[in-house]
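**Student:** Dropping a structure here in structure tokens format, bear with me for questions.
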Protein chains: 4
Amino acid sequence: MVIIMNPDATEKNIEDVMDAIVSAGLEAKIMEGSQQKIVGVIGDKTRLASVPVDAMDGVEKSVAISKSYKLASREFHPQSSIVDVDGIEIGGDVPVVMAGPCAVESKEQLFEAADLVKKGGAQFLRGGAYKPRTSPYSFQGLEEEGLKYLAEARERTGLKIVTEVTVVEAIDRVAAYADMLQIGARNMQNFGLLKEVGRCGKPVLLKRGLAATIDEWLNAAEYIIHAGNPNVVLCERGIRTYETYTRNTLDLSAVAAIKHLSHLPIIVDPSHGTGKWRMVRPMAFAAISAGADGIMMEVHPNPAKALSDGPQSLTPEHYSEVIEGIRKLSRFMREMGLAEQIG
Amino acid sequence: MVIIMNPDATEKNIEDVMDAIVSAGLEAKIMEGSQQKIVGVIGDKTRLASVPVDAMDGVEKSVAISKSYKLASREFHPQSSIVDVDGIEIGGDVPVVMAGPCAVESKEQLFEAADLVKKGGAQFLRGGAYKPRTSPYSFQGLEEEGLKYLAEARERTGLKIVTEVTVVEAIDRVAAYADMLQIGARNMQNFGLLKEVGRCGKPVLLKRGLAATIDEWLNAAEYIIHAGNPNVVLCERGIRTYETYTRNTLDLSAVAAIKHLSHLPIIVDPSHGTGKWRMVRPMAFAAISAGADGIMMEVHPNPAKALSDGPQSLTPEHYSEVIEGIRKLSRFMREMGLAEQIG
Amino acid sequence: MVIIMNPDATEKNIEDVMDAIVSAGLEAKIMEGSQQKIVGVIGDKTRLASVPVDAMDGVEKSVAISKSYKLASREFHPQSSIVDVDGIEIGGDVPVVMAGPCAVESKEQLFEAADLVKKGGAQFLRGGAYKPRTSPYSFQGLEEEGLKYLAEARERTGLKIVTEVTVVEAIDRVAAYADMLQIGARNMQNFGLLKEVGRCGKPVLLKRGLAATIDEWLNAAEYIIHAGNPNVVLCERGIRTYETYTRNTLDLSAVAAIKHLSHLPIIVDPSHGTGKWRMVRPMAFAAISAGADGIMMEVHPNPAKALSDGPQSLTPEHYSEVIEGIRKLSRFMREMGLAEQIG
Amino acid sequence: MVIIMNPDATEKNIEDVMDAIVSAGLEAKIMEGSQQKIVGVIGDKTRLASVPVDAMDGVEKSVAISKSYKLASREFHPQSSIVDVDGIEIGGDVPVVMAGPCAVESKEQLFEAADLVKKGGAQFLRGGAYKPRTSPYSFQGLEEEGLKYLAEARERTGLKIVTEVTVVEAIDRVAAYADMLQIGARNMQNFGLLKEVGRCGKPVLLKRGLAATIDEWLNAAEYIIHAGNPNVVLCERGIRTYETYTRNTLDLSAVAAIKHLSHLPIIVDPSHGTGKWRMVRPMAFAAISAGADGIMMEVHPNPAKALSDGPQSLTPEHYSEVIEGIRKLSRFMREMGLAEQIG
């Protein structure tokens with residue numbers, strides 16, 4: 001951390017700042033500028049969080065230099081991590097595809113979707129049993145019944161199951177049925193939930209918050225790893241901006257940023273990211289070319305009958321084309337050596 | 001809801017859309033434009049949430065007309081609500097002030113702050129026992145010990161206690177010590193938590209999410225009221241924008257918007273809203289003039305030693321000036337008849 | 001400026017950075033952190049702009065410490081400036097009101113509006129003769145004819161005229177008729193235009209850009225002052241955010257920020273800032289309480305017939321109430337000593 | 001347009017709204033909802049802009065249905081347009097590459113860059129002679145001298161020249177030297193400039209504004225086409241969001257949106273879009289996979305010596321790899337039939 005003093009800070013102000021730093025077991029160094037003095041702080045970055053220097057007299061602002069997360073950083077773990085979900089590798093050479101309906105609506109709908117997802121060649125079936133919905137009057141999910149159908153769909157198809165958990169009380173129940181737990185965008189900073197999924201043994205898919213910075217996202221991953229679970233996969237799903245044509249603004253530069261800052265795998269969800277099924281194909285291709293380790297997408301046997309998020313669900317035909325394109329493109333990127341250039 | 005068809009939608013497309021609406025128990029009317037047909041949907045708005053017309057062939061987009069919340073709306077309850085917190089009215093003629101440190105750090109710190117808050121004339125003591133922090137390495141709060149100190153501070157001063165609850169498991173514990181439960185910005189769409197605080201008997205202070213629209217915020221309030229708890233007070237605390245000079249962008253127009261759309265009281269938190277103690281005073285005055293029912297602000301006996309959010313905490317002297325200014329300004333607004341003009 | 005080196009930067013990298021700084025006539029000082037080295041840069045801030053250290057090998061990032069504007073800063077001119085527009089002071093004890101229609105539509109409409117604006121007690125008549133409109137098919141303004149009507153309205157009422165100039169070629173023409181030139185939000189970074197209004201003798205009203213930071217806004221003011229015109233008044237008119245209920249998000253904390261960072265007067269435009277006439281009154285009151293030096297607002301003899309921005313224009317009756325409220329509130333703030341507390 | 005009336009609108013209110021529509025030469029139809037009446041407007045969309053129905057009594061809000069641009073829309077021109085710049089086609093099968101330094105700094109620097117750009121296989125040399133800079137103290141460009149060097153670089157290499165024009169007065173001068181005029185992000189809504197480049201004969205590269213919606217961007221293109229110049233190429237260069245890790249947030253979904261809404265070609269600038277040279281490669285690949293018609297990127301013989309935007313400039317080696325990757329990827333997309341799937 002670097003602390004920038006006001007041009008009119010007194011000697012006493014500077015001494016107080018340096019004392020506060022030293023009291024926290026850190027080292028302080030002073031540098032004289034033309035107009036302002038600067039104090040550099042040296043030491044273990046996890047201690048800096050509790051020193052409120054910005055509030056001290058004579059301080060203009062402080063600037064963080066070290067990252068506040070550690071276990072999620074590439075410095076800590078220079079090799080890219082591969083997360084193994086019951087035999088399926090995420091972060092390796094082959095891109096994963098997680099597909100399925102937004103919500104589990106009935107056994108028939110789910111089985112029909114699962115057969116379709118399997119046939120297209122995806123490795124994961126997705127589908128929400130607990131749905132976080134803006135309005136209390138919208139369909140809230142089938143809850144445990146939905147989880148049972150998901151488990152049955154796994155029996156039927158061999159697909160791995162990834163599904164969202166929204167409250168601490170449901171973690172054990174969801175973990176009993178699913179192969180991978182999803183933390184949704186609205187819960188990315190539900191720290192109680194992060195700590196508890198960090199204690200459960202299952203791999204976690206951590207979606208980026210609606211308005212989360214990349215730094216906050218990696219700190220959320222840090223909560224899970226710090227609680228004992230290193231099997232975290234990130235998922236970019238669009239951020240909130242002023243643009244209204246798309247549901248969110250899919251931030252594909254986050255893929256390149258995460259590859260640089262962290263060792264964790266990252267996948268992309270163009271269905272939620274754009275809100276329009278027409279855009280899923282080009283954005284899925286773009287994500288793979290940017291270096292994403294996989295794609296999550298919504299497919300519904302009959303999008304026009306979907307109880308939630310129909311407008312962004314692919315039809316079975318489009319789904320097959322997208323998944324085939326992803327495979328070809330990923331293979332081409334690797335063969336041409338374009339993939340290595342990205343990482 | 002109004003459904004706008006594509007210029008090239010077929011007769012069959014339009015029929016299918018109308019069938020879907022009628023199957024949901026709603027009425028559909030068609031209107032012919034110069035280039036496009038429009039389908040109007042008539043009926044109970046809570047049913048609309050489950051009809052995914054946007055995904056149907058031939059549909060360009062749909063536009064919501066009715067609001068998706070009902071119990072929180074001014075149409076439903078034209079009189080402004082007053083929320084009674086153990087004898088203190090929020091939403092009446094006298095603005096409430098909730099003040100205290102960001103986090104409860106020790107008994108001494110809290111008592112010193114409480115005495116100061118009381119002396120200045122506030123009605124509520126605020127202070128976090130459970131702190132949602134971006135980094136797992138930051139101070140996370142004293143938890144139950146902090147709650148006990150808060151209850152003791154109430155005994156000592158007579159101030160009402162408002163404090164944050166972050167997980168469902170802690171609701172009963174927090175409710176046992178506090179007079180009012182706070183839902184923080186990061187949990188505004190933690191729907192499991194909203195439902196449960198809706199079932200507990202205590203009044204709720206619902207902070208606006210970091211990037212929540214006014215519509216989403218009122219829907220979050222709807223979750224609480226729908227679960228049985230009408231005693232909801234909203235709190236504007238700044239939204240996330242591109243501006244970096246302030247910690248958040250305090251959206252005071254939300255005060256006027258809420259007064260128009262809803263009957264719920266609304267207070268403003270200029271400490272979190274700006275992140276700078278220097279701005280608390282002008283923004284508190286502005287909030288009162290805009291029609292806010294109260295102010296929440298951070299005050300710390302010694303901001304430079306605060307374990308969290310020191311830069312935005314007022315010193316005791318500034319605090320007294322702000323609270324006195326709020327009182328005078330509020331009285332003036334009422335006496336001049338300026339306050340009625342706002343509502 | 002402080003330059004933060006990568007943890008793996010070589011000695012050579014650091015030497016190169018220091019050489020680049022010294023070559024630019026600046027001084028470099030090194031500080032050793034626990035993981036990273038930091039290089040401090042000392043010297044005249046206007047030279048820093050041309051040293052591209054971020055691109056050098058081994059550099060992680062650089063952090064600006066000094067502000068990039070100088071003439072607009074409060075450090076340069078500690079006293080608050082008062083801008084005199086032909087005898088009317090902006091930035092003094094009395095808040096100015098600039099009112100009128102969005103666009104000049106006809107002589108009759110303008111005269112009717114001017115009489116009304118005058119009667120209410122405003123000092124300035126506003127109205128656009130050149131209108132920057134999103135669509136080429138929208139009404140673009142009466143151009144020189146509109147300027148003539150404005151000048152005639154001044155003769156008729158004694159009001160000062162403030163009107164927008166959108167292109168360099170029109171500056172002389174607009175300056176011949178108006179008392180104050182307005183730079184609109186879409187032109188805040190039209191640097192050619194800023195330089196030229198800096199050379200013309202008239203005071204300038206500089207609206208904040210749609211997505212401009214406070215720093216960029218003050219740099220835009222710097223362009224005008226640097227070109228020779230110190231008579232700049234800032235106008236906050238709302239910024240672009242994800243919120244759709246209001247047309248823009250009125251950032252009243254910008255008033256407090258500007259008062260701290262700069263000596264220039266600042267007024268607020270709640271009509272454009274909210275896009276809803278219902279919100280003009282509470283936001284005007286809030287702006288005055290936050291310390292604004294005046295209000296700009298739209299008033300139209302018949303808002304429902306306005307050719308542009310009708311929804312945000314006040315009717316004559318509302319206008320009178322707002323202006324009277326502003327006066328009372330401003331006087332009260334001064335008498336109670338609340339105004340000084342803000343500055 | 002659909003006009004939604006308040007639940008408490010009177011018969012008189014509705015009549016007045018219908019009268020206003022009919023007076024504008026449009027047709028009005030009424031539809032009765034369960035709580036509210038809705039008025040549909042039928043007729044030529046360019047007339048709607050001047051009817052301020054939102055301001056009329058009893059109106060809750062109006063919703064635009066037709067797009068406000070016409071000449072730029074795909075409905076108007078279903079075939080994708082190809083813009084011919086002196087023999088080079090933009091929008092055809094081969095992606096164009098526009099590369100060069102951010103600013104022209106000297107003849108030597110430009111020639112060195114031009115040779116490198118040519119050798120890599122780009123078709124266009126980019127470089128600014130007029131630079132719009134946030135601070136008046138930053139390097140503002142070599143102006144006409146820079147234009148001359150650009151023309152000499154064309155003689156030397158055969159590359160086409162694209163360079164920015166920032167003021168109306170300079171259009172003729174820039175057009176005399178350049179093959180294609182660039183309108184920068186800060187001038188996207190400088191309507192005077194748009195009209196004049198619409199009257200000059202040269203093709204125009206129209207960058208998206210810092211906070212422009214896709215709709216506003218296409219309206220800006222409409223200004224140019226409407227003034228007589230159909231040769232417009234769009235350029236996505238990142239939008240302003242709350243994320244600070246990247247300089248802007250590159251919105252690649254805009255590529256898919258533009259392909260759907262418009263017939264105009266679109267290229268992507270990952271250098272400005274991310275602000276980090278490390279991200280140029282993955283984002284260029286992603287843009288091509290999303291369907292972009294080309295890439296604009298910054299390359300500098302020695303980025304660490306660049307007078308502006310060094311951090312985002314590629315070195316010669318990286319540049320060659322990126323351009324080769326783009327070519328291979330584009331060819332693969334076409335051969336596999338993946339490109340058609342996008343459009």
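Letters A, B, ... go to the chains of the structure tokens in the order shown; residues in each chain start at 1; ligands are counted from 1 in the same order.
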Need to verify the contact set: segment 60-69 of chain B, 6 Å, only C-alpha atoms, exclusion of same-chain residues closer than 3 positions in sequence. Can you return it as a PyMOL selection string?

**Tutor:** chain B and resi 1-6+54+219

**Student:** Tell me which protein, DNA and RNA residues are within 8 Å of segment 36-43 of chain A, counting only C-alpha atoms, leaving out same-chain ones fewer than 2 positions away, and put them as a PDB file with N, CA and C atoms, in the first residue's frame.

**Tutor:**
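Once written, out-v6.pdb looks like this:
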ATOM      1  N   MET A   1       0.841  -1.199   0.000  1.00  0.00           N
ATOM      2  CA  MET A   1       0.000   0.000   0.000  1.00  0.00           C
ATOM      3  C   MET A   1       0.876   1.250   0.000  1.00  0.00           C
ATOM      4  N   VAL A   2       0.427   2.244  -0.748  1.00  0.00           N
ATOM      5  CA  VAL A   2       1.113   3.526  -0.764  1.00  0.00           C
ATOM      6  C   VAL A   2       0.126   4.557  -0.236  1.00  0.00           C
ATOM      7  N   ILE A   3       0.572   5.375   0.709  1.00  0.00           N
ATOM      8  CA  ILE A   3      -0.311   6.372   1.308  1.00  0.00           C
ATOM      9  C   ILE A   3       0.138   7.751   0.854  1.00  0.00           C
ATOM     10  N   ILE A   4      -0.787   8.473   0.234  1.00  0.00           N
ATOM     11  CA  ILE A   4      -0.462   9.792  -0.284  1.00  0.00           C
ATOM     12  C   ILE A   4      -0.976  10.831   0.698  1.00  0.00           C
ATOM     13  N   MET A   5      -0.069  11.656   1.210  1.00  0.00           N
ATOM     14  CA  MET A   5      -0.436  12.672   2.198  1.00  0.00           C
ATOM     15  C   MET A   5      -0.899  13.945   1.469  1.00  0.00           C
ATOM     16  N   ASN A   6      -1.745  14.711   2.115  1.00  0.00           N
ATOM     17  CA  ASN A   6      -2.145  16.017   1.586  1.00  0.00           C
ATOM     18  C   ASN A   6      -0.934  16.940   1.459  1.00  0.00           C
ATOM     19  N   PRO A   7      -0.981  17.898   0.527  1.00  0.00           N
ATOM     20  CA  PRO A   7       0.123  18.862   0.450  1.00  0.00           C
ATOM     21  C   PRO A   7       0.317  19.612   1.782  1.00  0.00           C
ATOM     22  N   ASP A   8      -0.768  19.797   2.550  1.00  0.00           N
ATOM     23  CA  ASP A   8      -0.644  20.556   3.794  1.00  0.00           C
ATOM     24  C   ASP A   8      -0.605  19.667   5.048  1.00  0.00           C
ATOM     25  N   MET A  18       2.709   6.775  10.343  1.00  0.00           N
ATOM     26  CA  MET A  18       3.783   5.788  10.424  1.00  0.00           C
ATOM     27  C   MET A  18       3.650   4.941  11.702  1.00  0.00           C
ATOM     28  N   ILE A  21       1.034   2.248  11.205  1.00  0.00           N
ATOM     29  CA  ILE A  21       1.520   1.149  10.366  1.00  0.00           C
ATOM     30  C   ILE A  21       2.414   0.220  11.176  1.00  0.00           C
ATOM     31  N   GLY A  25       2.396  -4.077  12.889  1.00  0.00           N
ATOM     32  CA  GLY A  25       3.437  -5.057  12.568  1.00  0.00           C
ATOM     33  C   GLY A  25       3.969  -4.929  11.157  1.00  0.00           C
ATOM     34  N   LEU A  26       3.779  -3.755  10.556  1.00  0.00           N
ATOM     35  CA  LEU A  26       4.243  -3.528   9.196  1.00  0.00           C
ATOM     36  C   LEU A  26       5.357  -2.483   9.214  1.00  0.00           C
ATOM     37  N   GLU A  27       6.031  -2.355   8.079  1.00  0.00           N
ATOM     38  CA  GLU A  27       7.118  -1.386   7.988  1.00  0.00           C
ATOM     39  C   GLU A  27       6.659  -0.187   7.146  1.00  0.00           C
ATOM     40  N   ALA A  28       7.080   1.012   7.523  1.00  0.00           N
ATOM     41  CA  ALA A  28       6.704   2.222   6.782  1.00  0.00           C
ATOM     42  C   ALA A  28       7.949   2.924   6.258  1.00  0.00           C
ATOM     43  N   LYS A  29       7.868   3.375   5.000  1.00  0.00           N
ATOM     44  CA  LYS A  29       8.980   4.163   4.445  1.00  0.00           C
ATOM     45  C   LYS A  29       8.420   5.453   3.877  1.00  0.00           C
ATOM     46  N   ILE A  30       9.192   6.523   4.002  1.00  0.00           N
ATOM     47  CA  ILE A  30       8.691   7.815   3.547  1.00  0.00           C
ATOM     48  C   ILE A  30       9.421   8.259   2.280  1.00  0.00           C
ATOM     49  N   MET A  31       8.717   8.943   1.405  1.00  0.00           N
ATOM     50  CA  MET A  31       9.312   9.448   0.167  1.00  0.00           C
ATOM     51  C   MET A  31       8.819  10.879  -0.017  1.00  0.00           C
ATOM     52  N   GLU A  32       9.719  11.801  -0.312  1.00  0.00           N
ATOM     53  CA  GLU A  32       9.317  13.203  -0.440  1.00  0.00           C
ATOM     54  C   GLU A  32       9.075  13.566  -1.898  1.00  0.00           C
ATOM     55  N   GLY A  33       7.870  13.986  -2.221  1.00  0.00           N
ATOM     56  CA  GLY A  33       7.561  14.454  -3.572  1.00  0.00           C
ATOM     57  C   GLY A  33       7.746  15.948  -3.660  1.00  0.00           C
ATOM     58  N   SER A  34       7.408  16.517  -4.807  1.00  0.00           N
ATOM     59  CA  SER A  34       7.601  17.951  -4.959  1.00  0.00           C
ATOM     60  C   SER A  34       6.544  18.707  -4.150  1.00  0.00           C
ATOM     61  N   LYS A  45       0.332  -8.709   3.193  1.00  0.00           N
ATOM     62  CA  LYS A  45      -0.809  -7.953   2.694  1.00  0.00           C
ATOM     63  C   LYS A  45      -2.106  -8.222   3.461  1.00  0.00           C
ATOM     64  N   ARG A  47      -2.588  -8.180   6.478  1.00  0.00           N
ATOM     65  CA  ARG A  47      -2.721  -7.298   7.637  1.00  0.00           C
ATOM     66  C   ARG A  47      -3.209  -5.908   7.272  1.00  0.00           C
TER      67      ARG A  47
ATOM     68  N   MET C  31      11.733   2.873  -3.910  1.00  0.00           N
ATOM     69  CA  MET C  31      11.332   2.391  -2.594  1.00  0.00           C
ATOM     70  C   MET C  31      11.162   0.874  -2.693  1.00  0.00           C
ATOM     71  N   GLY C  33       9.611  -2.557  -1.580  1.00  0.00           N
ATOM     72  CA  GLY C  33       8.533  -3.184  -0.827  1.00  0.00           C
ATOM     73  C   GLY C  33       8.906  -4.620  -0.497  1.00  0.00           C
ATOM     74  N   SER C  34       7.970  -5.349   0.110  1.00  0.00           N
ATOM     75  CA  SER C  34       8.269  -6.733   0.482  1.00  0.00           C
ATOM     76  C   SER C  34       8.297  -7.610  -0.755  1.00  0.00           C
TER      77      SER C  34
END

**Student:** Grab the atom CA of Ile88 of chain A to atom CA of Ser262 of chain A distance for me, in Å with one decimal place.

**Tutor:**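 Interatomic distance here is 20.9 Å.
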
**Student:** Please return as a ChimeraX atom specification: the residues of segment 275-306 of chain B that backbone DSSP assigns to strand (DSSP E).

**Tutor:** /B:294-298

**Student:** Which residues are close to segment 72-81 of chain D, i.e. within 6 Å by only C-alpha atoms, leaving aside same-chain residues fewer than 2 positions away? Reply as a ChimeraX atom specification.

**Tutor:** /D:70,222,261-264

**Student:** Can you spit out the residues from that selection as a short mmCIF file (atom, residue, chain, number, x, y, z; two decimals), in the first residue's frame, using C-alpha atoms?

**Tutor:**
data_model
loop_
_atom_site.label_atom_id
_atom_site.label_comp_id
_atom_site.auth_asym_id
_atom_site.auth_seq_id
_atom_site.Cartn_x
_atom_site.Cartn_y
_atom_site.Cartn_z
CA LYS D 70 -34.11 3.99 -41.04
CA GLU D 222 -28.08 7.75 -39.74
CA LEU D 261 -30.04 -4.56 -36.63
CA SER D 262 -28.02 -3.00 -39.43
CA HIS D 263 -26.43 -3.66 -42.80
CA LEU D 264 -23.30 -1.65 -42.00
#

**Student:** What are the residues of chain B lining chain C at 6 Å or less? Count only C-alpha atoms, and put the answer as a list of chain:residue names.

**Tutor:**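 Only these qualify: B:Thr213, B:Glu243, B:Pro282, B:Met283, B:Phe285, B:Ala286, B:Ser289, B:Ala290, B:Ile342.
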
**Student:** Run DSSP on the backbone and tell me which residues of segment 227-322 of chain A come out as alpha helix (DSSP H); list them as JSON, numbers by chain.

**Tutor:** {"A": [253, 254, 255, 256, 257, 258, 259, 260, 261, 270, 271, 272, 273, 274, 280, 281, 282, 283, 284, 285, 286, 287, 288, 289, 290, 316, 317, 318, 319, 320, 321, 322]}

**Student:** Filtering to N, CA and C atoms, could you give me those residues as a CSV table (one decimal), in the first residue's frame?

**Tutor:**
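Writing the result to again_31.csv gives the following:
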chain,number,residue,atom,x,y,z
A,253,SER,N,-13.6,-9.7,-22.0
A,253,SER,CA,-12.2,-9.4,-21.6
A,253,SER,C,-12.0,-10.0,-20.2
A,254,ALA,N,-13.0,-10.3,-19.5
A,254,ALA,CA,-12.8,-10.9,-18.2
A,254,ALA,C,-12.1,-12.3,-18.3
A,255,VAL,N,-12.4,-12.9,-19.4
A,255,VAL,CA,-11.7,-14.2,-19.7
A,255,VAL,C,-10.2,-14.0,-19.7
A,256,ALA,N,-9.7,-13.0,-20.5
A,256,ALA,CA,-8.3,-12.8,-20.6
A,256,ALA,C,-7.8,-12.3,-19.3
A,257,ALA,N,-8.5,-11.4,-18.6
A,257,ALA,CA,-8.1,-10.9,-17.3
A,257,ALA,C,-7.9,-12.0,-16.3
A,258,ILE,N,-8.9,-12.9,-16.2
A,258,ILE,CA,-8.8,-14.0,-15.2
A,258,ILE,C,-7.6,-14.9,-15.6
A,259,LYS,N,-7.4,-15.2,-16.8
A,259,LYS,CA,-6.2,-16.1,-17.2
A,259,LYS,C,-4.9,-15.4,-16.8
A,260,HIS,N,-4.9,-14.1,-16.7
A,260,HIS,CA,-3.6,-13.4,-16.3
A,260,HIS,C,-3.5,-13.4,-14.8
A,261,LEU,N,-4.6,-13.1,-14.1
A,261,LEU,CA,-4.6,-12.8,-12.7
A,261,LEU,C,-4.7,-14.1,-11.8
A,270,PRO,N,-23.2,-17.3,-22.3
A,270,PRO,CA,-23.8,-16.3,-23.3
A,270,PRO,C,-25.3,-16.2,-23.2
A,271,SER,N,-26.0,-17.1,-22.7
A,271,SER,CA,-27.4,-17.1,-22.6
A,271,SER,C,-27.9,-16.0,-21.7
A,272,HIS,N,-27.4,-16.0,-20.4
A,272,HIS,CA,-27.7,-14.9,-19.5
A,272,HIS,C,-27.0,-13.6,-19.9
A,273,GLY,N,-25.8,-13.8,-20.4
A,273,GLY,CA,-24.9,-12.7,-20.8
A,273,GLY,C,-25.6,-11.7,-21.8
A,274,THR,N,-26.4,-12.3,-22.7
A,274,THR,CA,-27.0,-11.5,-23.7
A,274,THR,C,-28.5,-11.4,-23.6
A,280,VAL,N,-26.4,-16.2,-28.8
A,280,VAL,CA,-25.6,-17.3,-28.1
A,280,VAL,C,-24.5,-17.8,-28.9
A,281,ARG,N,-24.8,-18.1,-30.2
A,281,ARG,CA,-23.8,-18.7,-31.1
A,281,ARG,C,-22.6,-17.8,-31.3
A,282,PRO,N,-22.8,-16.6,-31.8
A,282,PRO,CA,-21.5,-15.8,-31.9
A,282,PRO,C,-20.8,-15.5,-30.6
A,283,MET,N,-21.5,-15.4,-29.5
A,283,MET,CA,-20.8,-15.1,-28.3
A,283,MET,C,-20.1,-16.4,-27.7
A,284,ALA,N,-20.7,-17.5,-28.0
A,284,ALA,CA,-20.0,-18.8,-27.6
A,284,ALA,C,-18.7,-19.0,-28.4
A,285,PHE,N,-18.8,-18.7,-29.7
A,285,PHE,CA,-17.6,-18.8,-30.5
A,285,PHE,C,-16.5,-17.8,-30.0
A,286,ALA,N,-17.0,-16.6,-29.7
A,286,ALA,CA,-16.0,-15.6,-29.3
A,286,ALA,C,-15.4,-16.0,-27.9
A,287,ALA,N,-16.2,-16.5,-27.1
A,287,ALA,CA,-15.6,-16.9,-25.8
A,287,ALA,C,-14.6,-18.0,-25.9
A,288,ILE,N,-14.8,-19.0,-26.7
A,288,ILE,CA,-13.8,-20.0,-27.0
A,288,ILE,C,-12.5,-19.4,-27.5
A,289,SER,N,-12.7,-18.5,-28.5
A,289,SER,CA,-11.5,-17.9,-29.1
A,289,SER,C,-10.8,-17.0,-28.1
A,290,ALA,N,-11.5,-16.5,-27.1
A,290,ALA,CA,-10.8,-15.6,-26.1
A,290,ALA,C,-10.1,-16.5,-25.1
A,316,PRO,N,-33.4,-27.1,-29.9
A,316,PRO,CA,-32.6,-28.2,-30.1
A,316,PRO,C,-31.7,-28.1,-31.4
A,317,GLU,N,-32.2,-27.6,-32.5
A,317,GLU,CA,-31.4,-27.5,-33.7
A,317,GLU,C,-30.2,-26.5,-33.5
A,318,HIS,N,-30.5,-25.3,-33.0
A,318,HIS,CA,-29.4,-24.4,-32.8
A,318,HIS,C,-28.4,-24.9,-31.8
A,319,TYR,N,-28.9,-25.6,-30.8
A,319,TYR,CA,-28.0,-26.1,-29.8
A,319,TYR,C,-26.9,-27.0,-30.4
A,320,SER,N,-27.4,-27.9,-31.3
A,320,SER,CA,-26.4,-28.9,-31.9
A,320,SER,C,-25.4,-28.1,-32.8
A,321,GLU,N,-25.8,-27.1,-33.5
A,321,GLU,CA,-24.9,-26.3,-34.3
A,321,GLU,C,-23.9,-25.6,-33.4
A,322,VAL,N,-24.3,-25.0,-32.3
A,322,VAL,CA,-23.4,-24.3,-31.5
A,322,VAL,C,-22.4,-25.2,-30.9
